[in-house]
$ cat structure.cif   # mmCIF, C-alpha atoms
data_input
#
loop_
_atom_site.label_atom_id
_atom_site.label_comp_id
_atom_site.auth_asym_id
_atom_site.auth_seq_id
_atom_site.Cartn_x
_atom_site.Cartn_y
_atom_site.Cartn_z
CA MET N 1 -17.23 -37.37 7.23
CA SER N 2 -13.84 -35.92 8.15
CA ALA N 3 -13.12 -32.28 8.93
CA ASP N 4 -11.54 -31.99 5.49
CA ASP N 5 -14.74 -32.94 3.71
CA ARG N 6 -16.66 -30.21 5.45
CA ALA N 7 -14.05 -27.55 4.83
CA LEU N 8 -15.03 -24.66 2.60
CA PRO N 9 -13.20 -24.63 -0.69
CA GLY N 10 -11.08 -21.48 -0.91
CA THR N 11 -9.79 -20.06 -4.17
CA ILE N 12 -6.92 -17.65 -4.69
CA PHE N 13 -8.62 -14.46 -5.67
CA ASP N 14 -5.80 -12.30 -6.87
CA GLU N 15 -4.88 -13.82 -10.21
CA SER N 16 -7.79 -16.03 -11.11
CA ALA N 17 -10.35 -13.30 -10.66
CA ILE N 18 -11.24 -11.08 -13.55
CA LEU N 19 -13.41 -8.20 -12.42
CA SER N 20 -15.43 -5.75 -14.44
CA ILE N 21 -15.72 -2.13 -13.46
CA GLN N 22 -19.27 -2.87 -12.33
CA ASP N 23 -18.00 -5.64 -10.02
CA LEU N 24 -15.40 -3.36 -8.47
CA SER N 25 -17.85 -0.53 -8.07
CA ARG N 26 -20.33 -2.76 -6.28
CA MET N 27 -17.72 -4.47 -4.11
CA CYS N 28 -16.24 -1.16 -2.95
CA ALA N 29 -19.62 0.61 -2.71
CA VAL N 30 -18.45 3.53 -4.84
CA ASP N 31 -19.75 4.59 -8.23
CA GLU N 32 -18.07 3.59 -11.47
CA ARG N 33 -16.87 7.10 -12.15
CA HIS N 34 -14.77 6.83 -9.01
CA ILE N 35 -13.14 3.61 -10.19
CA VAL N 36 -12.27 5.38 -13.43
CA GLU N 37 -10.62 8.15 -11.39
CA PHE N 38 -8.55 5.57 -9.49
CA VAL N 39 -7.38 4.15 -12.82
CA GLU N 40 -6.54 7.58 -14.21
CA GLU N 41 -4.56 8.38 -11.07
CA GLY N 42 -2.67 5.08 -11.29
CA VAL N 43 -4.11 3.59 -8.10
CA LEU N 44 -5.57 0.70 -10.10
CA SER N 45 -4.27 -0.87 -13.24
CA VAL N 46 -6.41 -2.31 -15.99
CA VAL N 47 -5.59 -5.75 -17.38
CA ASN N 48 -7.51 -5.66 -20.62
CA VAL N 49 -7.69 -2.19 -22.06
CA SER N 50 -8.73 -3.06 -25.62
CA SER N 51 -12.44 -3.82 -25.39
CA GLU N 52 -13.86 -3.54 -21.91
CA TRP N 53 -11.82 -2.82 -18.79
CA ARG N 54 -10.88 -5.82 -16.66
CA PHE N 55 -9.17 -5.92 -13.27
CA THR N 56 -7.44 -8.67 -11.28
CA GLY N 57 -8.53 -9.58 -7.79
CA ASP N 58 -5.62 -7.62 -6.41
CA ALA N 59 -7.34 -4.45 -7.62
CA LEU N 60 -10.15 -5.12 -5.15
CA ARG N 61 -7.74 -4.96 -2.22
CA ARG N 62 -6.13 -1.79 -3.55
CA ALA N 63 -9.43 -0.13 -4.35
CA ARG N 64 -10.83 -0.83 -0.90
CA LEU N 65 -7.68 0.52 0.72
CA ALA N 66 -7.89 3.62 -1.47
CA VAL N 67 -11.54 4.18 -0.56
CA ARG N 68 -10.77 3.88 3.15
CA LEU N 69 -7.83 6.27 2.98
CA GLU N 70 -9.75 8.78 0.94
CA ARG N 71 -12.76 8.74 3.24
CA ASP N 72 -11.08 8.44 6.65
CA LEU N 73 -8.03 10.64 6.09
CA GLU N 74 -9.77 13.09 3.78
CA LEU N 75 -7.03 12.69 1.18
CA ASN N 76 -7.29 13.85 -2.41
CA LEU N 77 -6.71 11.42 -5.28
CA ALA N 78 -3.02 12.20 -5.68
CA GLY N 79 -2.51 11.72 -1.95
CA VAL N 80 -4.38 8.42 -2.09
CA ALA N 81 -2.26 7.20 -4.99
CA LEU N 82 0.95 8.08 -3.17
CA ALA N 83 -0.20 6.54 0.11
CA VAL N 84 -1.30 3.28 -1.54
CA GLU N 85 2.05 2.99 -3.29
CA LEU N 86 4.05 3.69 -0.15
CA LEU N 87 1.92 1.36 1.97
CA GLU N 88 2.49 -1.50 -0.48
CA GLU N 89 6.21 -0.85 -0.46
CA LEU N 90 6.17 -0.76 3.33
CA ALA N 91 4.28 -4.07 3.51
CA GLN N 92 6.83 -5.64 1.17
CA LEU N 93 9.76 -4.32 3.22
CA ARG N 94 8.15 -5.52 6.44
CA ARG N 95 7.73 -8.99 4.94
CA GLU N 96 11.38 -9.10 3.91
CA PHE N 97 12.52 -7.74 7.23
CA LYS N 98 10.44 -10.25 9.16
CA ALA N 99 11.78 -13.11 7.04
CA ARG N 100 15.38 -12.09 7.67
CA SER N 101 15.20 -11.40 11.38
CA MET Y 1 -23.71 3.84 29.59
CA GLU Y 2 -20.95 6.35 30.10
CA PHE Y 3 -21.01 9.90 28.88
CA LYS Y 4 -18.33 10.47 26.24
CA ASP Y 5 -16.43 13.73 26.03
CA TYR Y 6 -15.89 14.07 22.29
CA TYR Y 7 -13.91 17.29 22.74
CA LYS Y 8 -11.44 15.49 24.96
CA VAL Y 9 -11.16 12.56 22.54
CA MET Y 10 -10.20 15.00 19.78
CA GLY Y 11 -8.01 17.11 22.06
CA VAL Y 12 -9.77 20.36 21.17
CA ALA Y 13 -11.36 23.10 23.26
CA ARG Y 14 -15.15 23.24 23.58
CA ASP Y 15 -15.18 26.43 21.54
CA ALA Y 16 -12.91 25.05 18.80
CA THR Y 17 -13.66 26.25 15.31
CA GLU Y 18 -14.68 23.93 12.51
CA ALA Y 19 -11.22 24.29 10.99
CA GLN Y 20 -9.53 23.36 14.26
CA ILE Y 21 -11.70 20.28 14.61
CA LYS Y 22 -10.95 19.23 11.07
CA GLN Y 23 -7.23 19.72 11.62
CA ALA Y 24 -7.29 17.74 14.87
CA TYR Y 25 -9.19 14.93 13.18
CA ARG Y 26 -6.77 14.65 10.27
CA LYS Y 27 -3.81 14.52 12.61
CA LEU Y 28 -5.35 11.84 14.81
CA ALA Y 29 -6.67 9.87 11.84
CA ARG Y 30 -3.20 9.70 10.31
CA LYS Y 31 -1.83 8.53 13.64
CA TYR Y 32 -4.43 5.86 14.35
CA HIS Y 33 -5.82 4.75 10.99
CA PRO Y 34 -5.59 0.93 11.02
CA ASP Y 35 -4.15 0.91 7.49
CA VAL Y 36 -1.22 3.14 8.35
CA SER Y 37 -0.75 2.93 12.12
CA LYS Y 38 1.47 0.59 14.08
CA GLU Y 39 0.06 1.75 17.43
CA LYS Y 40 -1.17 -1.14 19.56
CA ASP Y 41 -4.78 -0.05 20.01
CA ALA Y 42 -4.98 1.84 16.72
CA GLU Y 43 -8.29 0.40 15.60
CA ALA Y 44 -10.12 1.19 18.84
CA ARG Y 45 -8.63 4.67 19.02
CA PHE Y 46 -9.46 5.37 15.39
CA LYS Y 47 -13.08 4.38 15.94
CA GLU Y 48 -13.28 6.66 18.94
CA VAL Y 49 -11.80 9.55 17.00
CA GLY Y 50 -14.03 8.86 13.98
CA GLU Y 51 -17.08 8.86 16.19
CA ALA Y 52 -16.10 12.12 17.90
CA TYR Y 53 -15.48 13.75 14.52
CA GLU Y 54 -18.76 12.47 13.15
CA VAL Y 55 -20.51 14.45 15.87
CA LEU Y 56 -18.33 17.55 16.08
CA LYS Y 57 -17.95 18.19 12.35
CA SER Y 58 -21.68 18.45 11.86
CA ALA Y 59 -23.13 21.70 13.15
CA GLU Y 60 -26.49 20.04 13.92
CA LYS Y 61 -25.04 17.07 15.80
CA ARG Y 62 -22.56 19.26 17.64
CA ALA Y 63 -25.30 21.62 18.78
CA ALA Y 64 -27.41 18.71 19.99
CA TYR Y 65 -24.45 17.17 21.77
CA ASP Y 66 -23.49 20.46 23.44
CA GLN Y 67 -27.05 21.01 24.56
CA LEU Y 68 -27.16 17.56 26.09
CA GLY Y 69 -23.62 17.55 27.45
CA LYS Y 70 -23.90 20.69 29.57
CA ASP Y 71 -24.71 18.73 32.71
CA TYR Y 72 -22.45 15.72 32.20
CA ARG Y 73 -18.87 14.85 33.04
CA PRO Y 74 -16.97 12.20 31.06
CA GLY Y 75 -17.45 8.72 32.45
CA GLN Y 76 -20.59 9.72 34.29
CA ASP Y 77 -23.56 7.42 33.87
CA PHE Y 78 -25.63 8.74 31.04
CA ARG Y 79 -29.33 8.38 30.18
CA PRO Y 80 -30.68 10.31 27.25
CA PRO Y 81 -33.82 12.17 28.27
CA PRO Y 82 -36.94 11.15 26.33
CA ASN Y 83 -37.40 13.02 23.06
CA TRP Y 84 -34.22 14.95 23.70
CA ASP Y 85 -33.46 15.16 20.00
CA SER Y 86 -36.71 16.72 18.91
CA GLY Y 87 -36.08 19.96 17.13
CA PHE Y 88 -32.81 18.82 15.58
CA GLU Y 89 -32.48 17.63 12.05
CA PHE Y 90 -29.79 15.14 11.13
CA SER Y 91 -28.36 14.69 7.69
CA GLY Y 92 -26.47 11.52 8.63
CA GLY Y 93 -23.84 9.93 6.47
CA GLY Y 94 -20.51 8.83 7.83
CA PRO Y 95 -17.74 6.27 7.63
CA GLY Y 96 -19.27 3.26 5.94
CA ASP Y 97 -18.13 0.43 8.13
CA ALA Y 98 -17.54 2.25 11.39
CA SER Y 99 -19.26 0.83 14.41
CA TYR Y 100 -20.15 3.43 16.96
CA SER Y 101 -20.43 3.24 20.73
CA ASP Y 102 -23.73 2.67 22.53
CA PHE Y 103 -23.46 6.27 23.62
CA PHE Y 104 -23.41 7.47 20.02
CA ASP Y 105 -26.19 5.11 19.04
CA ALA Y 106 -28.36 6.33 21.89
CA LEU Y 107 -27.91 9.88 20.68
CA PHE Y 108 -27.83 9.66 16.92
CA GLY Y 109 -28.20 5.96 16.16
CA ALA Y 110 -31.41 5.72 14.21
CA GLN Y 111 -30.92 8.93 12.25
CA ALA Y 112 -27.25 8.41 11.41
CA ARG Y 113 -27.75 4.81 10.35
CA ALA Y 114 -30.76 5.65 8.26
CA GLY Y 115 -28.77 8.35 6.53
CA ARG Y 116 -25.80 6.16 5.84
CA GLY Y 117 -27.32 3.80 3.31
CA GLY Y 118 -25.10 3.60 0.29
CA ARG Y 119 -23.72 0.13 0.87
CA GLY Y 120 -25.32 -2.46 -1.32
CA ALA Y 121 -27.76 0.10 -2.56
CA ALA Y 122 -26.41 -0.28 -6.06
CA HIS Y 123 -27.31 -3.96 -5.95
CA PRO Y 124 -30.46 -4.52 -4.00
CA GLY Y 125 -30.79 -8.12 -2.90
CA HIS Y 126 -27.08 -8.90 -3.04
CA GLY Y 127 -25.50 -9.59 0.37
CA GLU Y 128 -22.52 -7.55 1.47
CA ASP Y 129 -19.01 -8.96 1.04
CA HIS Y 130 -16.91 -9.47 4.13
CA HIS Y 131 -13.17 -9.02 4.47
CA ALA Y 132 -10.73 -10.39 7.01
CA LYS Y 133 -7.01 -10.91 7.54
CA VAL Y 134 -5.33 -14.04 8.87
CA LEU Y 135 -1.85 -15.32 9.64
CA LEU Y 136 -1.15 -18.55 7.78
CA ASP Y 137 1.65 -21.08 8.11
CA LEU Y 138 3.82 -21.50 5.03
CA GLN Y 139 3.09 -25.24 4.91
CA ALA Y 140 -0.55 -24.52 4.07
CA SER Y 141 0.50 -22.70 0.92
CA LEU Y 142 3.11 -25.32 -0.01
CA ASN Y 143 0.92 -28.36 0.43
CA GLY Y 144 -2.62 -27.03 0.60
CA GLY Y 145 -4.76 -28.50 3.37
CA THR Y 146 -7.45 -27.46 5.78
CA ARG Y 147 -6.98 -24.73 8.37
CA SER Y 148 -9.49 -23.32 10.78
CA PHE Y 149 -9.78 -19.57 11.19
CA THR Y 150 -11.67 -17.78 13.92
CA LEU Y 151 -13.05 -14.51 12.61
CA ARG Y 152 -14.94 -11.74 14.34
CA MET Y 153 -17.72 -10.33 12.24
CA PRO Y 154 -19.79 -7.28 13.01
CA GLU Y 155 -23.49 -8.06 12.63
CA ILE Y 156 -26.69 -6.13 13.05
CA ASP Y 157 -28.83 -7.98 15.58
CA ALA Y 158 -32.62 -8.20 15.75
CA ASP Y 159 -32.85 -4.85 17.57
CA GLY Y 160 -30.77 -3.14 14.91
CA ARG Y 161 -27.70 -2.91 17.13
CA LEU Y 162 -24.20 -3.61 15.92
CA VAL Y 163 -22.72 -6.64 17.67
CA SER Y 164 -19.50 -8.55 17.17
CA LYS Y 165 -19.98 -12.23 16.47
CA GLU Y 166 -17.30 -14.88 16.40
CA ARG Y 167 -17.31 -17.77 14.01
CA THR Y 168 -14.84 -20.47 13.13
CA LEU Y 169 -14.45 -21.56 9.55
CA ASN Y 170 -12.69 -24.63 8.22
CA VAL Y 171 -11.10 -23.60 4.99
CA GLN Y 172 -9.35 -25.60 2.28
CA VAL Y 173 -6.36 -23.37 1.72
CA PRO Y 174 -5.57 -23.14 -1.99
CA LYS Y 175 -2.06 -24.34 -2.79
CA GLY Y 176 0.30 -21.58 -3.83
CA ILE Y 177 -1.34 -18.65 -2.02
CA LEU Y 178 1.17 -15.84 -1.40
CA ALA Y 179 1.49 -13.21 1.30
CA GLY Y 180 -0.76 -10.25 0.49
CA GLN Y 181 -3.14 -12.34 -1.63
CA GLN Y 182 -6.75 -13.05 -0.82
CA ILE Y 183 -8.62 -16.34 -0.43
CA ARG Y 184 -12.17 -16.06 -1.68
CA LEU Y 185 -14.94 -18.06 -0.01
CA ALA Y 186 -18.06 -17.83 -2.11
CA GLY Y 187 -21.29 -17.18 -0.24
CA GLN Y 188 -19.63 -16.71 3.17
CA GLY Y 189 -20.28 -12.97 3.42
CA ALA Y 190 -23.47 -11.37 4.70
CA LYS Y 191 -26.85 -12.89 3.88
CA ALA Y 192 -28.91 -10.95 1.41
CA HIS Y 193 -31.86 -8.96 2.74
CA GLY Y 194 -34.19 -10.38 0.15
CA ASP Y 195 -33.73 -13.72 -1.57
CA GLY Y 196 -30.61 -12.62 -3.46
CA ALA Y 197 -27.23 -14.28 -3.26
CA ALA Y 198 -25.17 -13.99 -0.09
CA GLY Y 199 -21.98 -11.93 -0.25
CA ASP Y 200 -18.53 -13.46 -0.39
CA LEU Y 201 -15.78 -13.58 2.19
CA TYR Y 202 -12.26 -12.45 1.29
CA ILE Y 203 -9.42 -13.46 3.58
CA GLU Y 204 -6.13 -11.65 3.12
CA VAL Y 205 -3.14 -13.78 4.00
CA GLU Y 206 0.17 -13.03 5.69
CA PHE Y 207 2.64 -15.79 6.53
CA GLN Y 208 3.78 -16.65 10.02
CA PRO Y 209 7.58 -16.79 10.16
CA ASP Y 210 8.65 -20.29 9.15
CA PRO Y 211 11.32 -22.00 11.28
CA LEU Y 212 13.27 -23.14 8.21
CA TYR Y 213 12.40 -21.14 5.12
CA ARG Y 214 12.44 -17.49 4.23
CA VAL Y 215 9.89 -16.45 1.61
CA ASP Y 216 10.53 -13.96 -1.17
CA GLY Y 217 7.58 -13.82 -3.55
CA ARG Y 218 7.33 -17.42 -4.77
CA ASP Y 219 10.94 -18.25 -3.96
CA LEU Y 220 12.06 -19.96 -0.79
CA TYR Y 221 15.44 -19.58 0.90
CA LEU Y 222 17.10 -21.98 3.30
CA GLU Y 223 20.30 -21.19 5.17
CA LEU Y 224 22.26 -24.44 5.20
CA PRO Y 225 25.19 -24.81 7.61
CA VAL Y 226 28.13 -26.80 6.18
CA ALA Y 227 31.53 -27.71 7.61
CA PRO Y 228 34.56 -25.86 6.16
CA TRP Y 229 35.81 -29.03 4.46
CA GLU Y 230 32.38 -29.73 2.93
CA ALA Y 231 32.48 -26.31 1.31
CA ALA Y 232 36.13 -26.51 0.32
CA LEU Y 233 36.29 -30.09 -0.94
CA GLY Y 234 32.69 -30.59 -2.04
CA ALA Y 235 30.23 -33.00 -0.44
CA THR Y 236 26.76 -34.43 -0.66
CA VAL Y 237 24.68 -33.41 2.37
CA LYS Y 238 21.16 -34.10 3.52
CA THR Y 239 19.02 -30.98 3.10
CA PRO Y 240 15.40 -30.30 4.07
CA THR Y 241 13.13 -29.03 1.27
CA PRO Y 242 9.34 -28.52 1.23
CA GLY Y 243 9.00 -31.80 -0.66
CA GLY Y 244 11.07 -33.75 1.88
CA ASN Y 245 14.78 -34.27 2.54
CA VAL Y 246 17.07 -34.44 -0.48
CA GLU Y 247 20.75 -35.25 -0.95
CA LEU Y 248 22.26 -31.97 -2.10
CA LYS Y 249 25.60 -31.84 -3.88
CA ILE Y 250 27.82 -29.02 -2.63
CA PRO Y 251 30.41 -28.18 -5.30
CA ALA Y 252 34.06 -28.00 -4.26
CA GLY Y 253 35.29 -24.45 -3.68
CA SER Y 254 31.98 -23.17 -2.28
CA HIS Y 255 32.09 -20.40 0.28
CA ALA Y 256 29.82 -18.74 2.83
CA GLY Y 257 26.92 -17.12 0.98
CA SER Y 258 27.17 -19.42 -2.07
CA LYS Y 259 23.68 -19.92 -3.50
CA LEU Y 260 22.48 -23.22 -4.90
CA ARG Y 261 19.21 -23.25 -6.81
CA LEU Y 262 16.68 -26.06 -6.97
CA LYS Y 263 14.46 -24.99 -9.83
CA GLY Y 264 10.71 -25.12 -9.35
CA ARG Y 265 10.83 -26.27 -5.73
CA GLY Y 266 9.49 -23.04 -4.25
CA ILE Y 267 5.85 -22.12 -3.76
CA PRO Y 268 3.73 -24.11 -6.25
CA ALA Y 269 2.03 -22.43 -9.22
CA ALA Y 270 1.80 -22.79 -12.98
CA GLN Y 271 5.27 -21.26 -12.90
CA PRO Y 272 6.44 -22.32 -9.44
CA GLY Y 273 9.04 -20.44 -7.47
CA ASP Y 274 12.58 -21.70 -6.95
CA PHE Y 275 14.22 -23.08 -3.84
CA TYR Y 276 17.55 -21.50 -2.90
CA VAL Y 277 20.06 -22.96 -0.50
CA VAL Y 278 22.42 -20.36 0.95
CA LEU Y 279 25.55 -21.87 2.46
CA GLN Y 280 26.77 -20.92 5.90
CA ILE Y 281 30.11 -22.12 7.13
CA ALA Y 282 29.85 -23.66 10.59
CA LEU Y 283 33.15 -23.63 12.43
CA PRO Y 284 34.05 -26.80 14.31
CA PRO Y 285 35.18 -26.02 17.88
CA ALA Y 286 38.91 -26.40 18.60
CA THR Y 287 38.40 -28.64 21.57
CA GLY Y 288 40.72 -31.58 22.12
CA GLU Y 289 44.29 -32.07 21.00
CA LYS Y 290 43.41 -33.55 17.61
CA ALA Y 291 41.21 -30.65 16.55
CA LYS Y 292 43.78 -28.11 17.71
CA ALA Y 293 46.51 -29.93 15.80
CA ALA Y 294 44.32 -29.96 12.67
CA TYR Y 295 43.77 -26.19 12.90
CA ALA Y 296 47.48 -25.65 13.44
CA ALA Y 297 48.27 -27.80 10.41
CA LEU Y 298 45.80 -25.80 8.32
CA ALA Y 299 47.41 -22.54 9.48
CA ALA Y 300 50.83 -23.89 8.53
CA ALA Y 301 49.58 -25.16 5.16
CA GLY Y 302 49.63 -21.83 3.39
CA ALA Y 303 49.26 -18.08 3.56
CA PHE Y 304 45.58 -17.29 4.08
CA ASN Y 305 44.55 -13.75 4.92
CA PRO Y 306 40.83 -13.62 5.75
CA ARG Y 307 41.10 -9.80 5.88
CA ALA Y 308 42.65 -9.29 2.47
CA SER Y 309 39.54 -7.44 1.28
CA LEU Y 310 39.99 -4.89 4.09
CA GLY Y 311 43.46 -3.98 2.78
CA VAL Y 312 45.25 -5.11 5.95
#
$ encode --input "structure.cif" --output "structure tokens"
Amino acid sequence: MSADDRALPGTIFDESAILSIQDLSRMCAVDERHIVEFVEEGVLSVVNVSSEWRFTGDALRRARLAVRLERDLELNLAGVALAVELLEELAQLRREFKARS
Amino acid sequence: MEFKDYYKVMGVARDATEAQIKQAYRKLARKYHPDVSKEKDAEARFKEVGEAYEVLKSAEKRAAYDQLGKDYRPGQDFRPPPNWDSGFEFSGGGPGDASYSDFFDALFGAQARAGRGGRGAAHPGHGEDHHAKVLLDLQASLNGGTRSFTLRMPEIDADGRLVSKERTLNVQVPKGILAGQQIRLAGQGAKAHGDGAAGDLYIEVEFQPDPLYRVDGRDLYLELPVAPWEAALGATVKTPTPGGNVELKIPAGSHAGSKLRLKGRGIPAAQPGDFYVVLQIALPPATGEKAKAAYAALAAAGAFNPRASLGV
């Protein structure tokens, strides 16, 4: 058996994953009401609005970041939304900068 | 274990008010929070600050700490007296995934941990998910393949203490993963307490700088040096791409910065990215009589002002 056979199969989470609000709430250890607040504040975006809310895997990363910022920096929701947005922009700029230098 | 001076960690006086402590915490948290800080030892400092705040923000814990700390200096060897905490009531609750020092645990450990709860409580029997970040080479995303990652995981040992455990995982990297995305490994998170399913492991990916290609979303960029005559007259030159070397046709009249697109040869996906070749003009050195004569002939061939765009 080669090392490749034993390797754990990884899947890309961000696009393939479709999460319910219950999934997100459990994975971030916050209640569903809080996820709704993140959506209302624009921290998270909903993929399927029509019937039941659905989120992509990327929402998990954003939601966890938002929960950490809110808890550790004692930010309010608007502050969290702004910080998440700016942090993502910063990460993108850093990536581009690193690639060019 | 060493006695920790939480007032010193937070940079506040021993008689600081609640508001001053809160203010000091927010300032330090913004400076050292691992999500926002670029300081070298941000994570360690943030934990220290979080722990100090956890004690000083709570009137009960602060009173107990002050009572105990009267006779200690920071760094001094510390042994909690037996039953020292009798007569204090702790309401617990604190940062969810913070790990505290032995000093903190000796003082407040059992109470604070008991009060924390919350995590996984909504789903009894389901193991906690774990999250990690890794640096990945671009080739792994382009071609897939197995990579081994060494991750440090906090674990609660048999005595209920928080310990850091290292483990190495061989992972089949999914083709087409992008920077900022997560790889999910089912069942590789924490074991369930009961007989429920284990949690999952999520690994967030950033790319190591690639020696050849620059990544922009799904698109790849290669800077390709060409000789002046190759750009001016057109040529077919050997060019590296992720799928192997190709013969690339440079159209006549190309210039530095000209972009050539190879559609669909970027990072693979249902709609794959594109591969861009950006031309750079490499100047041949004017060494030797022949080369000098060629440059002189070129200069004599016609009026060329490389600075025309500067208006001079």
$ closest_atom_pairs --input "structure.cif" --of "chain Y" --to "chain N" --cutoff "8 Å" --atoms "only C-alpha atoms" --output "Markdown table"
| residue | atom | partner | partner_atom | distance |
| --- | --- | --- | --- | --- |
| Y:Arg26 | CA | N:Leu73 | CA | 5.9 |
| Y:Ala29 | CA | N:Leu73 | CA | 6.0 |
| Y:Arg30 | CA | N:Leu73 | CA | 6.5 |
| Y:His33 | CA | N:Asp72 | CA | 7.8 |
| Y:Asp35 | CA | N:Leu65 | CA | 7.6 |
| Y:Val36 | CA | N:Leu87 | CA | 7.3 |
| Y:Gly50 | CA | N:Asp72 | CA | 7.9 |
| Y:Pro95 | CA | N:Asp72 | CA | 7.1 |
| Y:Gly118 | CA | N:Ala29 | CA | 6.9 |
| Y:Arg119 | CA | N:Ala29 | CA | 5.5 |
| Y:Gly120 | CA | N:Ala29 | CA | 6.6 |
| Y:Ala122 | CA | N:Arg26 | CA | 6.6 |
| Y:His123 | CA | N:Arg26 | CA | 7.1 |
| Y:Glu128 | CA | N:Met27 | CA | 8.0 |
| Y:Asp129 | CA | N:Met27 | CA | 7.0 |
| Y:Gly145 | CA | N:Asp4 | CA | 7.9 |
| Y:Thr146 | CA | N:Asp4 | CA | 6.1 |
| Y:Leu169 | CA | N:Leu8 | CA | 7.6 |
| Y:Asn170 | CA | N:Ala7 | CA | 4.7 |
| Y:Val171 | CA | N:Leu8 | CA | 4.7 |
| Y:Gln172 | CA | N:Pro9 | CA | 5.0 |
| Y:Val173 | CA | N:Gly10 | CA | 5.7 |
| Y:Pro174 | CA | N:Thr11 | CA | 5.7 |
| Y:Ile177 | CA | N:Ile12 | CA | 6.3 |
| Y:Gln181 | CA | N:Asp14 | CA | 5.9 |
| Y:Gln182 | CA | N:Phe13 | CA | 5.4 |
| Y:Ile183 | CA | N:Ile12 | CA | 4.8 |
| Y:Arg184 | CA | N:Thr11 | CA | 5.3 |
| Y:Leu185 | CA | N:Gly10 | CA | 5.2 |
| Y:Ala186 | CA | N:Gly10 | CA | 8.0 |
| Y:Pro209 | CA | N:Ala99 | CA | 6.4 |
| Y:Arg214 | CA | N:Ala99 | CA | 5.2 |
| Y:Val215 | CA | N:Ala99 | CA | 6.6 |
| Y:Asp216 | CA | N:Glu96 | CA | 7.1 |
$ residues_around --input "structure.cif" --residues "His34 (chain N)" --least-positions-apart "6" --cutoff "12 Å" --atoms "all atoms listed in the file" --output "count of residues only"
16
$ resolve_selection --input "structure.cif" --expression "the PyMOL selection byres ((chain Y and resi 258) around 9)" --output "compact mmCIF listing (two decimals) with C-alpha atoms, in the frame of the given file"
# COMPACT_ATOMS: atom_id res chain seq x y z
CA SER Y 254 31.98 -23.17 -2.28
CA HIS Y 255 32.09 -20.40 0.28
CA ALA Y 256 29.82 -18.74 2.83
CA GLY Y 257 26.92 -17.12 0.98
CA LYS Y 259 23.68 -19.92 -3.50
CA LEU Y 260 22.48 -23.22 -4.90
CA VAL Y 277 20.06 -22.96 -0.50
CA VAL Y 278 22.42 -20.36 0.95
CA LEU Y 279 25.55 -21.87 2.46
CA GLN Y 280 26.77 -20.92 5.90
$ atom_distance --input "structure.cif" --atom1 "CA of Glu37 (chain N)" --atom2 "CA of Val80 (chain N)"
11.2 Å
$ resolve_selection --input "structure.cif" --expression "the PyMOL selection byres ((chain Y and resi 229-234) around 12)" --output "ChimeraX atom specification"
/Y:224-228,235-237,248-259,278-284,294-295,298
$ closest_residue --input "structure.cif" --among "N:Phe97, N:Ser20, N:Gly79, N:Ile35" --to "Ser51 (chain N)" --atoms "only C-alpha atoms"
N:Ser20
$ decode --input "structure.cif" --residues "region 30-41 of chain Y" --atoms "N, CA and C atoms" --output "PDB file, in the first residue's frame"
ATOM      1  N   ARG Y  30      -6.988  44.511  20.192  1.00  0.00           N
ATOM      2  CA  ARG Y  30      -6.888  44.951  18.797  1.00  0.00           C
ATOM      3  C   ARG Y  30      -5.459  44.812  18.280  1.00  0.00           C
ATOM      4  N   LYS Y  31      -4.506  45.032  19.192  1.00  0.00           N
ATOM      5  CA  LYS Y  31      -3.113  44.968  18.785  1.00  0.00           C
ATOM      6  C   LYS Y  31      -2.652  43.526  18.553  1.00  0.00           C
ATOM      7  N   TYR Y  32      -3.140  42.608  19.374  1.00  0.00           N
ATOM      8  CA  TYR Y  32      -2.582  41.257  19.344  1.00  0.00           C
ATOM      9  C   TYR Y  32      -3.539  40.179  18.849  1.00  0.00           C
ATOM     10  N   HIS Y  33      -4.766  40.532  18.507  1.00  0.00           N
ATOM     11  CA  HIS Y  33      -5.694  39.487  18.063  1.00  0.00           C
ATOM     12  C   HIS Y  33      -5.130  38.780  16.823  1.00  0.00           C
ATOM     13  N   PRO Y  34      -5.035  37.446  16.867  1.00  0.00           N
ATOM     14  CA  PRO Y  34      -4.400  36.728  15.750  1.00  0.00           C
ATOM     15  C   PRO Y  34      -5.071  36.991  14.401  1.00  0.00           C
ATOM     16  N   ASP Y  35      -6.332  37.362  14.383  1.00  0.00           N
ATOM     17  CA  ASP Y  35      -6.992  37.626  13.105  1.00  0.00           C
ATOM     18  C   ASP Y  35      -6.625  38.979  12.513  1.00  0.00           C
ATOM     19  N   VAL Y  36      -6.161  39.887  13.331  1.00  0.00           N
ATOM     20  CA  VAL Y  36      -5.880  41.227  12.808  1.00  0.00           C
ATOM     21  C   VAL Y  36      -4.422  41.643  12.967  1.00  0.00           C
ATOM     22  N   SER Y  37      -3.666  40.941  13.808  1.00  0.00           N
ATOM     23  CA  SER Y  37      -2.327  41.395  14.153  1.00  0.00           C
ATOM     24  C   SER Y  37      -1.270  40.811  13.238  1.00  0.00           C
ATOM     25  N   LYS Y  38      -0.232  41.590  12.989  1.00  0.00           N
ATOM     26  CA  LYS Y  38       0.922  41.070  12.250  1.00  0.00           C
ATOM     27  C   LYS Y  38       2.128  40.958  13.194  1.00  0.00           C
ATOM     28  N   GLU Y  39       1.913  41.177  14.489  1.00  0.00           N
ATOM     29  CA  GLU Y  39       3.011  41.051  15.442  1.00  0.00           C
ATOM     30  C   GLU Y  39       3.471  39.596  15.467  1.00  0.00           C
ATOM     31  N   LYS Y  40       4.763  39.407  15.714  1.00  0.00           N
ATOM     32  CA  LYS Y  40       5.341  38.067  15.633  1.00  0.00           C
ATOM     33  C   LYS Y  40       4.692  37.086  16.613  1.00  0.00           C
ATOM     34  N   ASP Y  41       4.608  37.498  17.871  1.00  0.00           N
ATOM     35  CA  ASP Y  41       4.119  36.560  18.894  1.00  0.00           C
ATOM     36  C   ASP Y  41       2.683  36.907  19.284  1.00  0.00           C
TER      37      ASP Y  41
END
